[in-house]
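Visitor: To start, I am sharing the structure in question, which I have written as structure tokens.
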Amino acid sequence: MTTEQYHGRLRRPGVRRLSAAFTAGVIAIAAALSAPGAATADTPWLDVSQDRYASFTVPATYVQEHLGAVSQVVIEGNFGPSSAWAEFGLTRRGDAWSGVLGALEPGLYHYQLTADDTKTIKDPTNSTSVASNPLWSTFLVAGDSARWLVDAPPGTGGKIETLTYRTRNGQRSALVWTPPGYAAKGPKGYPALFLESGDGVTAPDWLDLGRSKQILDNLSAAGAMQPMVVVINDANGSDDKELNDLRKAVADNYRVLRDPAHQAIAGVSDGATQAVRAALTEPGRFGYVGWFSGDSVPDVDRKDAKAINRSVKMLRLYTGNVTDPAHNATYRLMKALGRADVRFEFDGVNPDGGANWTTWQENLVDFLPRLFRHVSDHGPSPGHRQLKGEFTPPPAGTTPTPFVTEDGFVTFETTTEFKDAQHVTVWANWAPGGSWLRVPLTREGDRWRATVGPLKPWFYYYRLIVDRVAAKDTSNPTKVTTEPTWSTFFIPGAGARLLSDVPAGQGGQVESMTYRSTVAGQDRTALVWTPPGYDPSRAQPYPVLYLQHGGGQNYTDWTEMGRAKQILDHQFLDGDLVPMVVVMGNGNSSNFNRELRENIVPTARARYHISSESSQQAIAGLSMGGGQALGVLRAYPGEFAYVAALSAGFGGGTGVDVEAINNGTKMLRLYVGDQTDFVYPSFMASLTTLNNLGIRYEFDGVTPGPHGWDVWQKNLIDLAPRLFKR
């Protein structure tokens with residue numbers, strides 16, 4: 001059960017009343033979730049912690065006053081893989097819409113609030129602004145990788161001015177950065193860099209989103225770049241004649257050198273195309289050229305190669321990964337330059353960079369120190385990859401989705417059933433720690449499609465959200481029994497080895513076990529994992545782990561979502577696991593203690609060769625199941641020598657036989673996600689209860705991630721090898 005689903009799932013028809021043990025443990029959680037006080041427009045909606053978690057708290061009254069009654073509120077921003085635009089869903093809790101996202105990578109983020117897909121407002125408590133997008137606000141997450149993006153100390157940076165100049169088409173303007181210590185008069189001129197914007201990008205975006213002033217100030221203060229004048233120009237609608245008009249205006253108003261050895265040009269999108277075209281078609285104007293995600297390839301004539309190579313000291317190309325539309329254009333440009341014998345450098349494919357300002361900030365940081373000076377390193381940046389060819393996903397309708405590449409890029413495509421939809425996203429566990437983000441799909445004909453990534457090796461689950469209604473990806477045959485709209489996919493790799501299938505015939509067996517529930521008055525089913533080589537006739541009975549699911553889930557979830565079989569198979573084959581039997585029963589019961597002791601356990605003992613000795617019995621569970629495991633511990637201390645709770649608190653401290661728990665329990669191990677796990681506050685409070693009672697337990701710190709399967713899979717990976725070894 002995920003945070004986003006929590007409130008609705010507890011009230012879903014067909015889900016039975018929760019056990020008393022779990023209810024007691026959840027009282028504090030519910031109080032914490034409804035606790036946010038009345039927030040006003042003056043109270044910041046966003047708080048960024050030192051450990052890089054972004055907490056959003058949006059007053060429901062403000063949303064209603066400005067947007068009317070709404071059913072859904074999201075924060076849209078560059079939070080997705082490769083800094084892609086994505087939607088982070090907020091949850092209505094008390095009088096506020098709220099949510100926690102993180103830990104975020106250091107960098108600059110921009111965002112807006114959107115309700116019901118179309119109603120958008122700016123955060124009125126955030127004073128930052130983006131000139132080209134008045135509804136956007138920004139915030140900076142500090143960290144070493146973002147050290148060039150911070151503001152320079154007051155009085156130490158350069159200055160930004162507006163230069164107005166005339167062209168044959170009328171009056172235009174540009175922004176000009178002059179370095180610290182620049183004076184209008186002096187004996188020496190400065191080199192000049194012309195920094196072009198592109199399609200959909202304005203000149204002020206280089207300041208508001210590109211952090212170009214901060215980058216220039218910090219590189220200058222560090223002595224990492226030559227002092228220069230930087231001209232930031234809006235390339236939209238301009239041509240080479242207007243570029244020449246701008247160069248003349250800069251020369252007339254600033255102390256700049258005009259020879260090509262002291263003139264550079266770079267740009268993003270079609271600004272990059274203009275920059276390269278200016279250098280190739282009229283050699284002798286610019287000695288340094290940068291292509292940042294150019295969108296089209298200018299003509300390259302072999303007969304001009306000698307003149308170009310003579311005048312251009314550096315032509316350096318930059319591109320993001322396959323989510324960057326410039327990826328293929330850059331490949332074609334490299335081929336064209338190679339055929340024409342024009343020298344160039346390539347920074348390599350940034351594997352985590354898309355067509356956005358996070359990528360272009362990094363491009364600028366790499367490009368500036370290379371200008372107007374000798375540089376010995378002309379290769380790609382660390383971690384960047386070769387560009388081996390163009391990326392072409394399968395044609396529409398030709399393959400089941402998602403389509404996954406070897407390097408972790410995933411293309412989603414809908415069927416034609418949503419051809420009349422207005423807004424389609426794919427919701428998946430690809431935010432930091434396994435939290436959930438919705439990435440918008442783009443209409444392509446009568447289908448919707450998007451490529452997302454790179455995703456790290458792991459197990460992913462997702463659903464489509466079509467005009468605010470959850471829908472199954474019917475092209476994906478995978479299923480989740482308790483979540484009919486979910487589909488899954490797996491990205492293999494070293495980091496996800498324990499979640500992968502073992503070779504056929506080498507793993508354990510998962511069987512269904514039917515038992516009569518005297519509590520529910522019906523037959524029920526459990527799933528049972530037996531280890532490879534399970535021998536029902538061996539002299540020593542097997543230890544047994546009773547592994548419980550969470551609220552709104554069922555006995556199928558640990559295998560369909562938790563990858564329990566894969567984890568147990570690998571750990572057994574690796575020699576890390578004591579041979580054991582694992583019983584995954586149905587915990588949706590009005591009295592779980594009776595259900596376990598009177599129905600699940602007796603049936604398992606009758607069917608399988610398992611021990612009844614307390615030292616050979618363990619019980620564990622997640623969320624509701626964790627509360628159930630702790631409830632069994634409180635009611636029957638010593639019956640299970642090994643107890644573990646995943647994302648669940650201990651509850652109150654009354655009526656607890658501390659001595660019996662300590663004497664009868666070999667291991668009580670507790671797990672919780674980070675502050676994106678909604679039980680985190682009550683869980684930490686329960687540790688104080690345990691400490692005050694004197695109950696011995698183990699807690700190895702938080703597991704990064706939310707109230708979700710990414711966390712619980714890691715918890716099982718940690719727990720299983722610890723069982724039955726003391």
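Going through the structure tokens in order, the chains are called A, B, and so on, while each chain numbers its residues from 1 and the ligands are numbered from 1 in the order shown.
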Do you know which residues are at most 10 Å from range 243-249 of chain A counting only C-alpha atoms, after dropping those on the same chain fewer than 3 positions away, and could you put them as a VMD selection string?

Guide: chain A and resid 163 to 168 172 to 174 192 194 196 231 233 235 238 to 240 252 to 254 256 258 263 274 to 275 278 285

Visitor: Taking only residues of range 417-519 of chain A that have an atom at most 10 Å from an atom of range 351-366 of chain A, what is each one's shortest atom pair and its distance in Å to one decimal, using only C-alpha atoms, in chain and number order, as JSON lines?

Guide:
{"residue": "A:Val452", "atom": "CA", "partner": "A:Gly354", "partner_atom": "CA", "distance": 9.7}
{"residue": "A:Gly453", "atom": "CA", "partner": "A:Asp352", "partner_atom": "CA", "distance": 7.8}
{"residue": "A:Pro454", "atom": "CA", "partner": "A:Asp352", "partner_atom": "CA", "distance": 6.6}
{"residue": "A:Leu455", "atom": "CA", "partner": "A:Asp352", "partner_atom": "CA", "distance": 9.4}

Visitor: Based on the selection just made, write N, CA and C atoms of those residues as a CSV table (one decimal), in the first residue's frame.

Guide:
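For reference, selection.csv as written:
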chain,number,residue,atom,x,y,z
A,452,VAL,N,11.2,7.5,-21.1
A,452,VAL,CA,11.6,7.9,-19.8
A,452,VAL,C,12.9,7.2,-19.4
A,453,GLY,N,13.8,7.9,-18.7
A,453,GLY,CA,15.0,7.2,-18.2
A,453,GLY,C,16.2,8.1,-18.2
A,454,PRO,N,17.4,7.5,-17.9
A,454,PRO,CA,17.6,6.1,-17.6
A,454,PRO,C,17.1,5.7,-16.2
A,455,LEU,N,16.5,4.5,-16.1
A,455,LEU,CA,16.1,4.0,-14.8
A,455,LEU,C,17.1,3.0,-14.4

Visitor: Neighbours of Lys714 in chain A within 12 Å (only C-alpha atoms; same-chain residues fewer than 3 positions away dropped), as an MDAnalysis selection string?

Guide: chainID A and resid 433:434 458:459 495:496 498:499 562:564 567 622 646 671:673 702:706 708:711 717:720

Visitor: Given the choices A:Phe592, A:Gly158, A:Gly575, A:Ala644, which gets closest to Thr518 in chain A if the distance is worked out from only C-alpha atoms?

Guide: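 Result for the nearest residue to Thr518 in chain A: A:Phe592.
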
Visitor: As a ChimeraX atom specification, please: every residue in range 126-255 of chain A that DSSP puts in helix (DSSP H, G or I).

Guide: /A:144-149,205-208,212-221,240-253

Visitor: Give me a file of those residues, with C-alpha atoms, as an mmCIF file, in the first residue's frame.

Guide:
data_model
loop_
_atom_site.group_PDB
_atom_site.id
_atom_site.type_symbol
_atom_site.label_atom_id
_atom_site.label_comp_id
_atom_site.auth_asym_id
_atom_site.auth_seq_id
_atom_site.Cartn_x
_atom_site.Cartn_y
_atom_site.Cartn_z
ATOM 1 C CA ASP A 144 28.707 19.769 -4.140
ATOM 2 C CA SER A 145 27.430 18.970 -7.628
ATOM 3 C CA ALA A 146 25.480 22.264 -7.564
ATOM 4 C CA ARG A 147 28.294 24.381 -6.125
ATOM 5 C CA TRP A 148 28.517 26.536 -9.266
ATOM 6 C CA LEU A 149 24.808 27.401 -9.025
ATOM 7 C CA ASP A 205 15.887 31.974 -19.070
ATOM 8 C CA TRP A 206 19.678 31.804 -19.098
ATOM 9 C CA LEU A 207 19.502 33.744 -15.818
ATOM 10 C CA ASP A 208 16.298 32.412 -14.215
ATOM 11 C CA SER A 212 24.342 31.632 -15.913
ATOM 12 C CA LYS A 213 25.192 34.610 -13.690
ATOM 13 C CA GLN A 214 25.951 32.348 -10.739
ATOM 14 C CA ILE A 215 28.004 30.013 -12.928
ATOM 15 C CA LEU A 216 29.984 32.928 -14.382
ATOM 16 C CA ASP A 217 30.468 34.545 -10.988
ATOM 17 C CA ASN A 218 31.657 31.348 -9.322
ATOM 18 C CA LEU A 219 33.936 30.182 -12.110
ATOM 19 C CA SER A 220 35.402 33.679 -12.263
ATOM 20 C CA ALA A 221 35.984 33.779 -8.498
ATOM 21 C CA ASP A 240 23.193 36.040 -39.258
ATOM 22 C CA LYS A 241 22.675 39.698 -40.235
ATOM 23 C CA GLU A 242 21.121 40.478 -36.881
ATOM 24 C CA LEU A 243 23.925 38.562 -35.180
ATOM 25 C CA ASN A 244 26.396 40.852 -36.909
ATOM 26 C CA ASP A 245 24.354 43.853 -35.764
ATOM 27 C CA LEU A 246 24.599 42.572 -32.216
ATOM 28 C CA ARG A 247 28.368 42.028 -32.463
ATOM 29 C CA LYS A 248 28.801 45.582 -33.670
ATOM 30 C CA ALA A 249 26.620 46.980 -30.886
ATOM 31 C CA VAL A 250 28.632 45.044 -28.296
ATOM 32 C CA ALA A 251 31.904 46.323 -29.772
ATOM 33 C CA ASP A 252 30.565 49.889 -29.705
ATOM 34 C CA ASN A 253 29.462 49.697 -26.073
#

Visitor: Counting only C-alpha atoms, which residues of range 600-706 of chain A fall within 12 Å of range 533-538 of chain A, and what is the closest atom pair for each with its distance in Å at one decimal, ordered by chain and rising number, as JSON lines?

Guide:
{"residue": "A:Arg605", "atom": "CA", "partner": "A:Pro536", "partner_atom": "CA", "distance": 11.3}
{"residue": "A:Ala606", "atom": "CA", "partner": "A:Pro536", "partner_atom": "CA", "distance": 11.3}
{"residue": "A:Arg607", "atom": "CA", "partner": "A:Pro536", "partner_atom": "CA", "distance": 9.4}
{"residue": "A:Tyr608", "atom": "CA", "partner": "A:Pro536", "partner_atom": "CA", "distance": 6.8}
{"residue": "A:His609", "atom": "CA", "partner": "A:Pro536", "partner_atom": "CA", "distance": 5.3}
{"residue": "A:Ile610", "atom": "CA", "partner": "A:Pro536", "partner_atom": "CA", "distance": 8.7}
{"residue": "A:Ser611", "atom": "CA", "partner": "A:Pro536", "partner_atom": "CA", "distance": 11.7}

Visitor: Using CA of Ser381 in chain A and CA of Asp304 in chain A as the two end points, give the distance in Å to one decimal.

Guide: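 It comes out at 29.0 Å.
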
Visitor: Would you list the contacts of range 120-129 of chain A as number ranges by chain, taking every protein, DNA or RNA residue within 10 Å and counting only C-alpha atoms, but skipping same-chain residues closer than 3 positions in sequence?

Guide: A: 40-46, 58, 63, 66-67, 73-76, 110-117, 132-139, 208-209

Visitor: Name the closest residue to Leu140 in chain A among the candidates A:Trp177, A:Phe699, A:Phe403, A:Tyr53; distances are taken between atoms, counting only C-alpha atoms.

Guide: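 That would be A:Tyr53, the residue with the smallest distance to Leu140 in chain A.
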
Visitor: Can you list, as number ranges by chain, every protein, DNA or RNA residue that comes within 10 Å of range 657-667 of chain A when you count only C-alpha atoms, leaving out same-chain residues fewer than 4 positions away?

Guide: A: 614-615, 618, 633-644, 653, 690, 693-698, 722-726

Visitor: Any chance you can output those residues with N, CA and C atoms as a PDB file, in the first residue's frame?

Guide:
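File again.pdb, as written:
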ATOM      1  N   SER A 614       9.241 -22.555  19.259  1.00  0.00           N
ATOM      2  CA  SER A 614       9.272 -21.093  19.149  1.00  0.00           C
ATOM      3  C   SER A 614      10.577 -20.603  18.551  1.00  0.00           C
ATOM      4  N   SER A 615      11.687 -21.271  18.868  1.00  0.00           N
ATOM      5  CA  SER A 615      12.982 -20.830  18.345  1.00  0.00           C
ATOM      6  C   SER A 615      13.096 -21.020  16.845  1.00  0.00           C
ATOM      7  N   ALA A 618       9.144 -17.617  13.008  1.00  0.00           N
ATOM      8  CA  ALA A 618       9.306 -16.169  12.840  1.00  0.00           C
ATOM      9  C   ALA A 618       8.027 -15.602  12.263  1.00  0.00           C
ATOM     10  N   LEU A 633       3.236 -10.473  19.052  1.00  0.00           N
ATOM     11  CA  LEU A 633       4.309 -10.398  20.047  1.00  0.00           C
ATOM     12  C   LEU A 633       3.775  -9.945  21.393  1.00  0.00           C
ATOM     13  N   ARG A 634       2.910  -8.940  21.386  1.00  0.00           N
ATOM     14  CA  ARG A 634       2.362  -8.424  22.645  1.00  0.00           C
ATOM     15  C   ARG A 634       1.436  -9.439  23.311  1.00  0.00           C
ATOM     16  N   ALA A 635       0.621 -10.109  22.501  1.00  0.00           N
ATOM     17  CA  ALA A 635      -0.376 -11.020  23.071  1.00  0.00           C
ATOM     18  C   ALA A 635       0.217 -12.374  23.445  1.00  0.00           C
ATOM     19  N   TYR A 636       1.226 -12.824  22.684  1.00  0.00           N
ATOM     20  CA  TYR A 636       1.785 -14.163  22.910  1.00  0.00           C
ATOM     21  C   TYR A 636       3.308 -14.097  22.888  1.00  0.00           C
ATOM     22  N   PRO A 637       3.892 -13.360  23.839  1.00  0.00           N
ATOM     23  CA  PRO A 637       5.353 -13.211  23.848  1.00  0.00           C
ATOM     24  C   PRO A 637       6.029 -14.567  23.963  1.00  0.00           C
ATOM     25  N   GLY A 638       7.063 -14.765  23.141  1.00  0.00           N
ATOM     26  CA  GLY A 638       7.817 -16.004  23.169  1.00  0.00           C
ATOM     27  C   GLY A 638       7.326 -17.058  22.218  1.00  0.00           C
ATOM     28  N   GLU A 639       6.152 -16.898  21.633  1.00  0.00           N
ATOM     29  CA  GLU A 639       5.648 -17.914  20.703  1.00  0.00           C
ATOM     30  C   GLU A 639       6.422 -17.889  19.390  1.00  0.00           C
ATOM     31  N   PHE A 640       6.870 -16.705  18.991  1.00  0.00           N
ATOM     32  CA  PHE A 640       7.715 -16.542  17.812  1.00  0.00           C
ATOM     33  C   PHE A 640       9.014 -15.887  18.270  1.00  0.00           C
ATOM     34  N   ALA A 641      10.126 -16.605  18.088  1.00  0.00           N
ATOM     35  CA  ALA A 641      11.405 -16.103  18.582  1.00  0.00           C
ATOM     36  C   ALA A 641      11.951 -14.976  17.713  1.00  0.00           C
ATOM     37  N   TYR A 642      11.468 -14.892  16.485  1.00  0.00           N
ATOM     38  CA  TYR A 642      11.938 -13.860  15.562  1.00  0.00           C
ATOM     39  C   TYR A 642      10.720 -13.053  15.100  1.00  0.00           C
ATOM     40  N   VAL A 643      10.784 -11.746  15.306  1.00  0.00           N
ATOM     41  CA  VAL A 643       9.682 -10.861  14.958  1.00  0.00           C
ATOM     42  C   VAL A 643      10.242  -9.653  14.217  1.00  0.00           C
ATOM     43  N   ALA A 644       9.594  -9.252  13.148  1.00  0.00           N
ATOM     44  CA  ALA A 644      10.024  -8.058  12.408  1.00  0.00           C
ATOM     45  C   ALA A 644       8.805  -7.288  11.940  1.00  0.00           C
ATOM     46  N   GLY A 653       2.086   1.675  25.312  1.00  0.00           N
ATOM     47  CA  GLY A 653       2.952   0.921  26.207  1.00  0.00           C
ATOM     48  C   GLY A 653       2.249   0.235  27.351  1.00  0.00           C
ATOM     49  N   LEU A 690       9.388   1.874  23.199  1.00  0.00           N
ATOM     50  CA  LEU A 690      10.161   0.655  23.435  1.00  0.00           C
ATOM     51  C   LEU A 690      11.322   0.910  24.385  1.00  0.00           C
ATOM     52  N   LEU A 693      10.039   1.281  27.904  1.00  0.00           N
ATOM     53  CA  LEU A 693       9.614   0.003  28.470  1.00  0.00           C
ATOM     54  C   LEU A 693      10.792  -0.920  28.756  1.00  0.00           C
ATOM     55  N   GLY A 694      11.881  -0.681  28.062  1.00  0.00           N
ATOM     56  CA  GLY A 694      13.038  -1.559  28.231  1.00  0.00           C
ATOM     57  C   GLY A 694      12.998  -2.781  27.344  1.00  0.00           C
ATOM     58  N   ILE A 695      12.242  -2.735  26.257  1.00  0.00           N
ATOM     59  CA  ILE A 695      12.184  -3.853  25.322  1.00  0.00           C
ATOM     60  C   ILE A 695      13.389  -3.793  24.389  1.00  0.00           C
ATOM     61  N   ARG A 696      14.070  -4.912  24.252  1.00  0.00           N
ATOM     62  CA  ARG A 696      15.231  -4.964  23.372  1.00  0.00           C
ATOM     63  C   ARG A 696      14.776  -5.102  21.913  1.00  0.00           C
ATOM     64  N   TYR A 697      15.385  -4.349  21.042  1.00  0.00           N
ATOM     65  CA  TYR A 697      15.046  -4.395  19.624  1.00  0.00           C
ATOM     66  C   TYR A 697      16.248  -3.984  18.806  1.00  0.00           C
ATOM     67  N   GLU A 698      16.183  -4.212  17.497  1.00  0.00           N
ATOM     68  CA  GLU A 698      17.207  -3.790  16.555  1.00  0.00           C
ATOM     69  C   GLU A 698      16.592  -2.816  15.558  1.00  0.00           C
ATOM     70  N   ARG A 722      18.988 -13.126   8.392  1.00  0.00           N
ATOM     71  CA  ARG A 722      19.226 -13.009   9.831  1.00  0.00           C
ATOM     72  C   ARG A 722      18.423 -14.042  10.642  1.00  0.00           C
ATOM     73  N   LEU A 723      17.491 -14.697   9.993  1.00  0.00           N
ATOM     74  CA  LEU A 723      16.575 -15.568  10.725  1.00  0.00           C
ATOM     75  C   LEU A 723      17.200 -16.916  11.058  1.00  0.00           C
ATOM     76  N   PHE A 724      16.883 -17.399  12.249  1.00  0.00           N
ATOM     77  CA  PHE A 724      17.215 -18.750  12.709  1.00  0.00           C
ATOM     78  C   PHE A 724      18.729 -19.004  12.770  1.00  0.00           C
ATOM     79  N   LYS A 725      19.483 -17.965  13.089  1.00  0.00           N
ATOM     80  CA  LYS A 725      20.937 -18.109  13.194  1.00  0.00           C
ATOM     81  C   LYS A 725      21.443 -17.798  14.593  1.00  0.00           C
ATOM     82  N   ARG A 726      20.544 -17.667  15.596  1.00  0.00           N
ATOM     83  CA  ARG A 726      20.991 -17.306  16.930  1.00  0.00           C
ATOM     84  C   ARG A 726      20.632 -18.404  17.913  1.00  0.00           C
TER      85      ARG A 726
END

Visitor: What parts of range 45-158 of chain A does DSSP call strand (DSSP E)? I'd like the answer as a VMD selection string.

Guide: chain A and resid 46 to 48 54 to 59 73 to 77 86 to 89 91 to 93 96 to 101 107 to 115 119 to 121 137 to 141

Visitor: Hey, which bits of range 538-637 of chain A sit within 10 Å of range 479-483 of chain A, and for each residue what's the closest pair of atoms and how far apart in Å (one decimal), counting only C-alpha atoms, rows by chain and increasing number, as JSON lines?

Guide:
{"residue": "A:Gly552", "atom": "CA", "partner": "A:Thr482", "partner_atom": "CA", "distance": 7.5}
{"residue": "A:Gln553", "atom": "CA", "partner": "A:Thr482", "partner_atom": "CA", "distance": 5.8}
{"residue": "A:Asn554", "atom": "CA", "partner": "A:Thr482", "partner_atom": "CA", "distance": 6.7}
{"residue": "A:Tyr555", "atom": "CA", "partner": "A:Thr482", "partner_atom": "CA", "distance": 9.4}
{"residue": "A:Thr556", "atom": "CA", "partner": "A:Thr481", "partner_atom": "CA", "distance": 6.9}
{"residue": "A:Asp557", "atom": "CA", "partner": "A:Thr482", "partner_atom": "CA", "distance": 7.4}
{"residue": "A:Thr559", "atom": "CA", "partner": "A:Val480", "partner_atom": "CA", "distance": 9.7}
{"residue": "A:Glu560", "atom": "CA", "partner": "A:Val480", "partner_atom": "CA", "distance": 6.2}
{"residue": "A:Met561", "atom": "CA", "partner": "A:Val480", "partner_atom": "CA", "distance": 7.3}

Visitor: Taking N, CA, C and O atoms for each residue, export the selection above as an mmCIF file, in the first residue's frame.

Guide:
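See selection.cif below for the written result:
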data_model
loop_
_atom_site.group_PDB
_atom_site.id
_atom_site.type_symbol
_atom_site.label_atom_id
_atom_site.label_comp_id
_atom_site.auth_asym_id
_atom_site.auth_seq_id
_atom_site.Cartn_x
_atom_site.Cartn_y
_atom_site.Cartn_z
ATOM 1 N N GLY A 552 -5.209 -3.362 2.519
ATOM 2 C CA GLY A 552 -5.646 -3.273 1.139
ATOM 3 C C GLY A 552 -4.950 -4.241 0.218
ATOM 4 O O GLY A 552 -5.225 -4.265 -0.983
ATOM 5 N N GLN A 553 -4.025 -5.058 0.765
ATOM 6 C CA GLN A 553 -3.310 -6.050 -0.030
ATOM 7 C C GLN A 553 -3.847 -7.439 0.302
ATOM 8 O O GLN A 553 -4.848 -7.587 0.997
ATOM 9 N N ASN A 554 -3.142 -8.460 -0.184
ATOM 10 C CA ASN A 554 -3.570 -9.825 0.072
ATOM 11 C C ASN A 554 -2.361 -10.749 -0.006
ATOM 12 O O ASN A 554 -1.232 -10.294 -0.211
ATOM 13 N N TYR A 555 -2.613 -12.037 0.115
ATOM 14 C CA TYR A 555 -1.531 -13.015 0.177
ATOM 15 C C TYR A 555 -0.703 -13.067 -1.103
ATOM 16 O O TYR A 555 0.403 -13.600 -1.111
ATOM 17 N N THR A 556 -1.203 -12.521 -2.212
ATOM 18 C CA THR A 556 -0.467 -12.548 -3.476
ATOM 19 C C THR A 556 0.590 -11.460 -3.578
ATOM 20 O O THR A 556 1.482 -11.544 -4.422
ATOM 21 N N ASP A 557 0.496 -10.433 -2.756
ATOM 22 C CA ASP A 557 1.335 -9.251 -2.984
ATOM 23 C C ASP A 557 2.820 -9.488 -2.736
ATOM 24 O O ASP A 557 3.663 -8.897 -3.415
ATOM 25 N N THR A 559 4.532 -11.992 -3.472
ATOM 26 C CA THR A 559 5.147 -12.622 -4.636
ATOM 27 C C THR A 559 5.018 -11.757 -5.878
ATOM 28 O O THR A 559 5.958 -11.630 -6.659
ATOM 29 N N GLU A 560 3.847 -11.129 -6.072
ATOM 30 C CA GLU A 560 3.652 -10.326 -7.275
ATOM 31 C C GLU A 560 4.367 -8.989 -7.213
ATOM 32 O O GLU A 560 4.834 -8.484 -8.236
ATOM 33 N N MET A 561 4.455 -8.393 -6.028
ATOM 34 C CA MET A 561 5.056 -7.072 -5.885
ATOM 35 C C MET A 561 6.340 -7.086 -5.066
ATOM 36 O O MET A 561 7.273 -6.347 -5.354
#

Visitor: Find the spatial neighbours of Gly287 in chain A, counting only C-alpha atoms, within a cut-off of 6 Å - ignore same-chain residues fewer than 4 positions away - and output them as a tab-separated table (two decimals) with all heavy atoms, in the first residue's frame.

Guide:
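And here's result_2.tsv as it stands now:
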chain	number	residue	atom	x	y	z
A	260	PRO	N	38.64	36.69	-34.29
A	260	PRO	CA	38.00	35.40	-33.98
A	260	PRO	C	38.64	34.67	-32.82
A	260	PRO	O	37.95	33.90	-32.13
A	260	PRO	CB	38.14	34.62	-35.29
A	260	PRO	CG	39.19	35.32	-36.08
A	260	PRO	CD	39.11	36.76	-35.69
A	261	ALA	N	39.92	34.89	-32.58
A	261	ALA	CA	40.57	34.21	-31.46
A	261	ALA	C	40.01	34.66	-30.12
A	261	ALA	O	40.23	33.99	-29.10
A	261	ALA	CB	42.08	34.45	-31.50
A	263	GLN	N	36.58	35.70	-29.87
A	263	GLN	CA	35.13	35.70	-29.99
A	263	GLN	C	34.63	34.25	-29.95
A	263	GLN	O	35.18	33.37	-30.62
A	263	GLN	CB	34.69	36.35	-31.30
A	263	GLN	CG	35.00	37.84	-31.38
A	263	GLN	CD	33.80	38.72	-31.16
A	263	GLN	OE1	32.74	38.53	-31.74
A	263	GLN	NE2	33.95	39.70	-30.28
A	264	ALA	N	33.60	34.01	-29.15
A	264	ALA	CA	33.02	32.67	-29.02
A	264	ALA	C	31.51	32.77	-29.15
A	264	ALA	O	30.91	33.82	-28.87
A	264	ALA	CB	33.41	32.06	-27.68
A	311	SER	N	40.40	28.74	-38.60
A	311	SER	CA	39.91	29.84	-37.77
A	311	SER	C	39.23	29.38	-36.48
A	311	SER	O	39.24	30.10	-35.48
A	311	SER	CB	38.91	30.69	-38.57
A	311	SER	OG	37.77	29.92	-38.93
A	312	VAL	N	38.64	28.19	-36.49
A	312	VAL	CA	37.93	27.70	-35.31
A	312	VAL	C	38.88	26.87	-34.46
A	312	VAL	O	39.29	25.78	-34.84
A	312	VAL	CB	36.69	26.87	-35.71
A	312	VAL	CG1	36.00	26.31	-34.47
A	312	VAL	CG2	35.71	27.73	-36.51
A	313	LYS	N	39.21	27.39	-33.30
A	313	LYS	CA	40.11	26.68	-32.39
A	313	LYS	C	39.41	25.54	-31.67
A	313	LYS	O	40.03	24.54	-31.32
A	313	LYS	CB	40.69	27.66	-31.36
A	313	LYS	CG	41.57	28.75	-31.95
A	313	LYS	CD	42.08	29.67	-30.86
A	313	LYS	CE	42.99	30.75	-31.44
A	313	LYS	NZ	44.25	30.15	-31.98

Visitor: Please identify all polymer residues within 10 Å of Arg277 in chain A, counting only C-alpha atoms, omitting same-chain residues fewer than 2 positions from it, and present them as a list of chain:residue names.

Guide: A:Asp240, A:Gly271, A:Ala272, A:Thr273, A:Gln274, A:Ala275, A:Ala279, A:Leu280, A:Thr281, A:Glu282, A:Pro283, A:Val289, A:Val297, A:Pro298, A:Asp299, A:Val300
